[in-house]
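Enquirer: Input structure: target02.csv, which contains CSV, C-alpha atoms.
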```csv
chain,number,residue,atom,x,y,z
A,19,MET,CA,69.1,2.2,-45.8
A,20,SER,CA,69.0,5.2,-43.4
A,21,SER,CA,70.4,3.3,-40.5
A,22,CYS,CA,72.5,0.1,-40.6
A,23,LYS,CA,74.5,-1.4,-37.8
A,24,LEU,CA,76.5,-4.6,-37.6
A,25,THR,CA,77.4,-6.1,-34.3
A,26,TYR,CA,80.0,-8.9,-33.9
A,27,PHE,CA,83.2,-9.6,-32.2
A,28,ASP,CA,86.5,-8.0,-33.2
A,29,SER,CA,87.3,-10.6,-35.8
A,30,GLN,CA,86.4,-11.7,-39.4
A,31,ALA,CA,85.0,-15.2,-38.9
A,32,LEU,CA,81.2,-15.2,-39.3
A,33,ALA,CA,80.8,-11.5,-40.0
A,34,GLU,CA,83.4,-10.7,-42.7
A,35,ALA,CA,81.2,-11.9,-45.6
A,36,ILE,CA,78.5,-9.5,-44.3
A,37,ARG,CA,81.0,-6.6,-44.2
A,38,PHE,CA,82.1,-7.5,-47.7
A,39,LEU,CA,78.6,-7.3,-49.1
A,40,LEU,CA,77.9,-4.0,-47.3
A,41,HIS,CA,81.1,-2.5,-48.7
A,42,TYR,CA,80.4,-4.0,-52.2
A,43,GLY,CA,77.0,-2.4,-52.2
A,44,LYS,CA,78.4,0.9,-50.8
A,45,ILE,CA,76.0,0.6,-47.9
A,46,GLN,CA,77.2,2.8,-45.0
A,47,PHE,CA,77.1,1.0,-41.7
A,48,GLU,CA,78.3,1.1,-38.1
A,49,ASP,CA,80.8,-1.7,-37.5
A,50,ILE,CA,80.4,-2.5,-33.8
A,51,ARG,CA,83.1,-4.9,-32.6
A,52,LEU,CA,83.0,-6.5,-29.2
A,53,ASN,CA,86.0,-7.9,-27.3
A,54,PHE,CA,85.0,-11.5,-26.5
A,55,GLU,CA,86.7,-11.6,-23.1
A,56,LYS,CA,85.9,-8.1,-21.9
A,57,ASP,CA,82.6,-7.2,-23.5
A,58,TRP,CA,80.8,-10.5,-24.2
A,59,PRO,CA,80.3,-11.9,-20.6
A,60,ALA,CA,78.3,-8.8,-19.6
A,61,TYR,CA,76.5,-8.3,-22.9
A,62,PRO,CA,72.7,-8.4,-22.6
A,63,LYS,CA,72.3,-11.7,-24.5
A,64,ASP,CA,68.6,-11.8,-23.9
A,65,THR,CA,68.3,-8.9,-26.4
A,66,LEU,CA,69.6,-11.2,-29.2
A,67,PRO,CA,67.2,-13.5,-31.1
A,68,LEU,CA,69.4,-16.6,-30.4
A,69,ARG,CA,71.7,-15.1,-27.8
A,70,GLN,CA,74.5,-15.1,-30.4
A,71,LEU,CA,76.2,-12.8,-32.9
A,72,PRO,CA,76.4,-11.5,-35.6
A,73,ILE,CA,73.3,-9.4,-35.9
A,74,LEU,CA,72.6,-6.7,-38.5
A,75,GLU,CA,70.1,-3.9,-37.6
A,76,ILE,CA,68.6,-2.0,-40.5
A,77,ASP,CA,66.2,0.8,-39.6
A,78,GLY,CA,65.4,-0.9,-36.3
A,79,LYS,CA,64.8,-4.4,-37.7
A,80,VAL,CA,67.1,-7.0,-36.4
A,81,PHE,CA,68.5,-9.6,-38.9
A,82,TYR,CA,70.3,-12.6,-37.6
A,83,GLN,CA,72.0,-15.8,-38.9
A,84,THR,CA,75.0,-15.2,-41.1
A,85,ILE,CA,73.9,-17.0,-44.2
A,86,ALA,CA,70.4,-15.5,-44.2
A,87,ILE,CA,71.8,-12.0,-43.8
A,88,CYS,CA,74.2,-12.6,-46.7
A,89,ARG,CA,71.5,-14.0,-48.9
A,90,TYR,CA,69.3,-10.9,-48.1
A,91,LEU,CA,72.1,-8.5,-48.8
A,92,ALA,CA,73.2,-10.3,-52.0
A,93,LYS,CA,69.7,-9.8,-53.4
A,94,LYS,CA,69.9,-6.1,-52.5
A,95,VAL,CA,73.4,-5.6,-54.1
A,96,GLY,CA,72.9,-7.8,-57.2
A,97,LEU,CA,75.0,-10.8,-56.3
A,98,ALA,CA,72.2,-13.4,-56.1
A,99,GLY,CA,70.8,-15.5,-58.9
A,100,SER,CA,68.3,-14.4,-61.4
A,101,THR,CA,66.3,-17.6,-61.4
A,102,PRO,CA,65.4,-20.3,-58.8
A,103,LEU,CA,67.9,-22.6,-60.4
A,104,GLU,CA,70.7,-20.0,-60.2
A,105,ASP,CA,69.8,-19.4,-56.6
A,106,TYR,CA,70.1,-23.1,-55.9
A,107,GLU,CA,73.5,-23.3,-57.5
A,108,ILE,CA,74.7,-20.4,-55.2
A,109,ASP,CA,73.0,-21.8,-52.1
A,110,ASN,CA,74.5,-25.2,-52.8
A,111,ALA,CA,78.0,-23.8,-52.9
A,112,VAL,CA,77.4,-21.8,-49.7
A,113,ASP,CA,76.1,-24.8,-47.9
A,114,ASN,CA,79.2,-26.8,-48.9
A,115,VAL,CA,81.4,-24.1,-47.4
A,116,ASN,CA,79.3,-24.0,-44.3
A,117,ASP,CA,79.4,-27.8,-43.8
A,118,PHE,CA,83.2,-27.5,-44.0
A,119,ARG,CA,83.1,-24.8,-41.4
A,120,ALA,CA,80.9,-26.8,-39.1
A,121,ARG,CA,83.1,-29.8,-39.2
A,122,LEU,CA,86.2,-27.8,-38.4
A,123,ALA,CA,84.5,-25.8,-35.7
A,124,GLY,CA,83.2,-29.0,-34.1
A,125,ALA,CA,86.8,-30.3,-33.7
A,126,PHE,CA,88.4,-27.0,-32.8
A,127,TYR,CA,85.9,-26.0,-30.1
A,128,GLU,CA,85.7,-29.5,-28.5
A,129,GLN,CA,86.1,-29.1,-24.7
A,130,ASN,CA,87.4,-32.5,-23.9
A,131,ALA,CA,91.1,-32.5,-24.6
A,132,VAL,CA,91.4,-36.2,-25.5
A,133,ALA,CA,88.3,-36.0,-27.8
A,134,LYS,CA,89.7,-32.8,-29.3
A,135,GLU,CA,93.0,-34.3,-30.2
A,136,GLU,CA,91.3,-37.2,-32.0
A,137,LYS,CA,88.8,-34.9,-33.8
A,138,MET,CA,91.6,-32.5,-34.9
A,139,LYS,CA,93.5,-35.5,-36.4
A,140,ILE,CA,90.4,-36.4,-38.4
A,141,ALA,CA,89.9,-32.8,-39.4
A,142,LEU,CA,93.4,-32.4,-40.7
A,143,ASN,CA,93.8,-35.8,-42.3
A,144,GLU,CA,90.3,-36.3,-43.7
A,145,THR,CA,88.0,-33.3,-43.5
A,146,VAL,CA,90.4,-30.7,-44.9
A,147,PRO,CA,91.6,-32.6,-48.0
A,148,PHE,CA,88.1,-33.9,-48.8
A,149,PHE,CA,86.3,-30.6,-48.7
A,150,LEU,CA,89.1,-28.6,-50.2
A,151,GLY,CA,89.3,-31.1,-53.1
A,152,LYS,CA,85.6,-30.8,-53.7
A,153,LEU,CA,85.5,-27.0,-53.5
A,154,GLU,CA,88.6,-26.8,-55.8
A,155,ALA,CA,86.8,-28.9,-58.4
A,156,ILE,CA,83.7,-26.7,-58.2
A,157,ALA,CA,85.8,-23.5,-58.5
A,158,GLN,CA,87.6,-25.0,-61.5
A,159,GLN,CA,84.3,-25.8,-63.3
A,160,ASN,CA,83.2,-22.3,-62.7
A,161,ASP,CA,86.3,-20.4,-63.9
A,162,GLY,CA,87.5,-19.3,-60.5
A,163,HIS,CA,84.0,-18.8,-59.0
A,164,PHE,CA,81.7,-21.0,-57.0
A,165,ALA,CA,78.6,-20.8,-59.1
A,166,LEU,CA,77.4,-19.7,-62.6
A,167,LYS,CA,80.9,-18.9,-63.8
A,168,ARG,CA,80.5,-15.4,-62.4
A,169,PHE,CA,80.9,-13.4,-59.2
A,170,THR,CA,78.2,-14.2,-56.7
A,171,TRP,CA,77.7,-14.1,-52.9
A,172,ALA,CA,79.0,-17.7,-52.7
A,173,ASP,CA,82.5,-16.3,-53.6
A,174,VAL,CA,82.0,-13.6,-51.0
A,175,TYR,CA,81.0,-16.1,-48.3
A,176,PHE,CA,84.0,-18.3,-48.9
A,177,THR,CA,86.5,-15.5,-49.1
A,178,GLY,CA,85.1,-13.9,-45.9
A,179,MET,CA,85.4,-17.2,-44.1
A,180,HIS,CA,88.6,-18.6,-45.5
A,181,ARG,CA,91.1,-17.0,-43.1
A,182,TYR,CA,89.0,-18.1,-40.1
A,183,LEU,CA,88.8,-21.7,-41.5
A,184,ALA,CA,92.6,-21.7,-41.8
A,185,ARG,CA,93.0,-20.6,-38.2
A,186,LEU,CA,90.8,-23.4,-37.0
A,187,VAL,CA,93.4,-26.0,-38.3
A,188,GLY,CA,96.5,-24.0,-37.7
A,189,SER,CA,97.1,-23.0,-41.3
A,190,GLU,CA,98.2,-19.7,-42.8
A,191,ASP,CA,96.4,-20.3,-46.0
A,192,LEU,CA,94.1,-23.2,-46.9
A,193,THR,CA,94.1,-22.2,-50.6
A,194,ALA,CA,97.9,-22.4,-51.0
A,195,ASN,CA,97.8,-25.7,-52.9
A,196,TYR,CA,94.4,-25.1,-54.6
A,197,PRO,CA,94.8,-22.6,-57.4
A,198,ASN,CA,91.2,-22.3,-58.3
A,199,LEU,CA,90.2,-21.6,-54.7
A,200,ARG,CA,93.0,-19.0,-54.7
A,201,LYS,CA,91.3,-17.5,-57.8
A,202,VAL,CA,88.0,-17.2,-55.9
A,203,VAL,CA,89.8,-15.3,-53.1
A,204,GLU,CA,91.7,-13.1,-55.5
A,205,ASN,CA,88.7,-12.3,-57.6
A,206,THR,CA,86.7,-11.4,-54.6
A,207,GLU,CA,89.3,-9.3,-52.9
A,208,SER,CA,90.1,-7.4,-56.1
A,209,THR,CA,86.4,-6.4,-56.5
A,210,SER,CA,85.6,-2.7,-56.1
A,211,GLY,CA,84.3,-1.9,-52.6
A,212,ILE,CA,85.7,-5.1,-51.2
A,213,LYS,CA,89.2,-4.3,-52.3
A,214,GLU,CA,89.3,-1.0,-50.5
A,215,TRP,CA,87.9,-2.6,-47.3
A,216,VAL,CA,90.5,-5.4,-47.4
A,217,ALA,CA,93.3,-2.8,-47.6
A,218,ARG,CA,92.2,-1.0,-44.5
A,219,ARG,CA,90.4,-3.5,-42.3
A,220,PRO,CA,91.7,-4.3,-38.8
A,221,ASP,CA,94.2,-7.1,-38.8
A,222,THR,CA,92.5,-9.6,-36.4
A,223,PHE,CA,93.6,-13.2,-35.6
A,224,TYR,CA,90.3,-14.8,-36.7
```
Represent the supplied structure as structure tokens.
Expert:
Amino acid sequence: MSSCKLTYFDSQALAEAIRFLLHYGKIQFEDIRLNFEKDWPAYPKDTLPLRQLPILEIDGKVFYQTIAICRYLAKKVGLAGSTPLEDYEIDNAVDNVNDFRARLAGAFYEQNAVAKEEKMKIALNETVPFFLGKLEAIAQQNDGHFALKRFTWADVYFTGMHRYLARLVGSEDLTANYPNLRKVVENTESTSGIKEWVARRPDTFY
């Protein structure tokens, strides 16, 4: 890749898994970070496919949608499946994590204060334990991974997202009481390329 540029906000959230995959694959890229309050209001959103971020530009082609970008990069760097069934197992795990994210985000970003309070109660008391229990069981079945009992981009996706998910519900670490999910994070963050990035990446709130 002669030219690679990632544009997102100055946070981990929806772009960290993309950064992980790029660093894992030793793909050099420009990490463009926007300040949400200062830069985003005036940003030319009509230049974006869906008026949202992240986007990844490779040799002039614009890629968008986090999961689609991750899937593409995973195939480039060898973290995808080797058969349609293996790809299904990985995609299934990623979709589980994304469903969890969507539920939490729906509560956290609710604009009506009364509705938000009720949604956050449901998120904390029902959504979090339900999804973490399911994800923990999957990770246990796969020896500290999310699919195929080996390191795949499903592990990368969860690890890149887990700090953001914790922030959405006011937690420091969602994996604290889930040892197999903790293994997923530890396995990912100790992987060459990703390990070095984690040690020097900016310390952002999300």
Enquirer: Just how far from CA of Tyr196 in chain A is CA of Phe176 in chain A, in Å to one decimal?
Expert: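 Value for the CA of Phe176 in chain A-CA of Tyr196 in chain A distance: 13.7 Å.
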Enquirer: Kindly give the distance, in Å, that separates CA of Thr170 in chain A and CA of Ala194 in chain A, rounded to a single decimal.
Expert: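 Answer for the CA of Thr170 in chain A to CA of Ala194 in chain A separation: 22.1 Å.
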Enquirer: What does the distance between CA of Ala184 in chain A and CA of Glu128 in chain A come to in Å, to one decimal place?
Expert: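 Rounded to one decimal, the two atoms are 16.9 Å apart.
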Enquirer: Return the single residue from A:Leu153, A:Leu66, A:Ile36, A:Val216 that is closest to Lys79 in chain A, with distances computed using only C-alpha atoms.
Expert: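 Of A:Leu153, A:Leu66, A:Ile36, A:Val216, the one nearest Lys79 in chain A is A:Leu66, counting only C-alpha atoms.
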Enquirer: Select, counting only C-alpha atoms, all protein, DNA and RNA residues no farther than 6 Å from (72.0, -3.5, -39.4) in file coordinates, and express the selection as a ChimeraX atom specification.
Expert: /A:22-24,74-76
Enquirer: Neighbours of Asp191 in chain A within 12 Å (only C-alpha atoms; same-chain residues fewer than 4 positions away dropped), as a PyMOL selection string?
Expert: chain A and resi 150+177+179-187+195-197+199-200+203
Enquirer: Of the residues A:Leu32, A:Glu104, A:Phe148, A:Phe47, which is the one nearest to Cys88 in chain A, using only C-alpha atoms?
Expert: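 Residue with the minimum atom-to-atom distance to Cys88 in chain A: A:Leu32.
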Enquirer: From the options A:Leu71, A:Leu103, A:Leu40, A:Ile85, which residue's atoms come nearest to Asp28 in chain A, counting only C-alpha atoms?
Expert: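 Looking at the shortest contact to Asp28 in chain A, the residue is A:Leu71.
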Enquirer: Just the residues within 9 Å of range 155-159 of chain A, please, counting all atoms listed in the file, with nothing from its chain fewer than 5 positions along; format it as a PyMOL selection string.
Expert: chain A and resi 111+150+164-165+167+197-199+201-202
Enquirer: Of the candidates A:Arg168, A:Asp173, A:Leu122, A:Val80, which shows the shortest atom-to-atom distance to Phe149 in chain A, using all atoms listed in the file?
Expert: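 With all atoms listed in the file as the atom set, the closest residue is A:Leu122.
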Enquirer: Which residue is closest to Gly99 in chain A? Choose from A:Thr145, A:Asn205, A:Glu48, A:Phe169 and count only C-alpha atoms.
Expert: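 Among the listed residues, the smallest separation from Gly99 in chain A belongs to A:Phe169.
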Enquirer: Considering all atoms listed in the file, return as a count of residues only whatever protein or nucleic-acid residues lie within 12 Å of Lys94 in chain A, sequence-local ones (same chain, fewer than 2 positions apart) excluded.
Expert: 18
Enquirer: Which is closer to Phe38 in chain A than all the others in A:Arg218, A:Arg51, A:Lys139, A:Lys213, using only C-alpha atoms?
Expert: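 Of the candidates, the smallest distance to Phe38 in chain A is held by A:Lys213.
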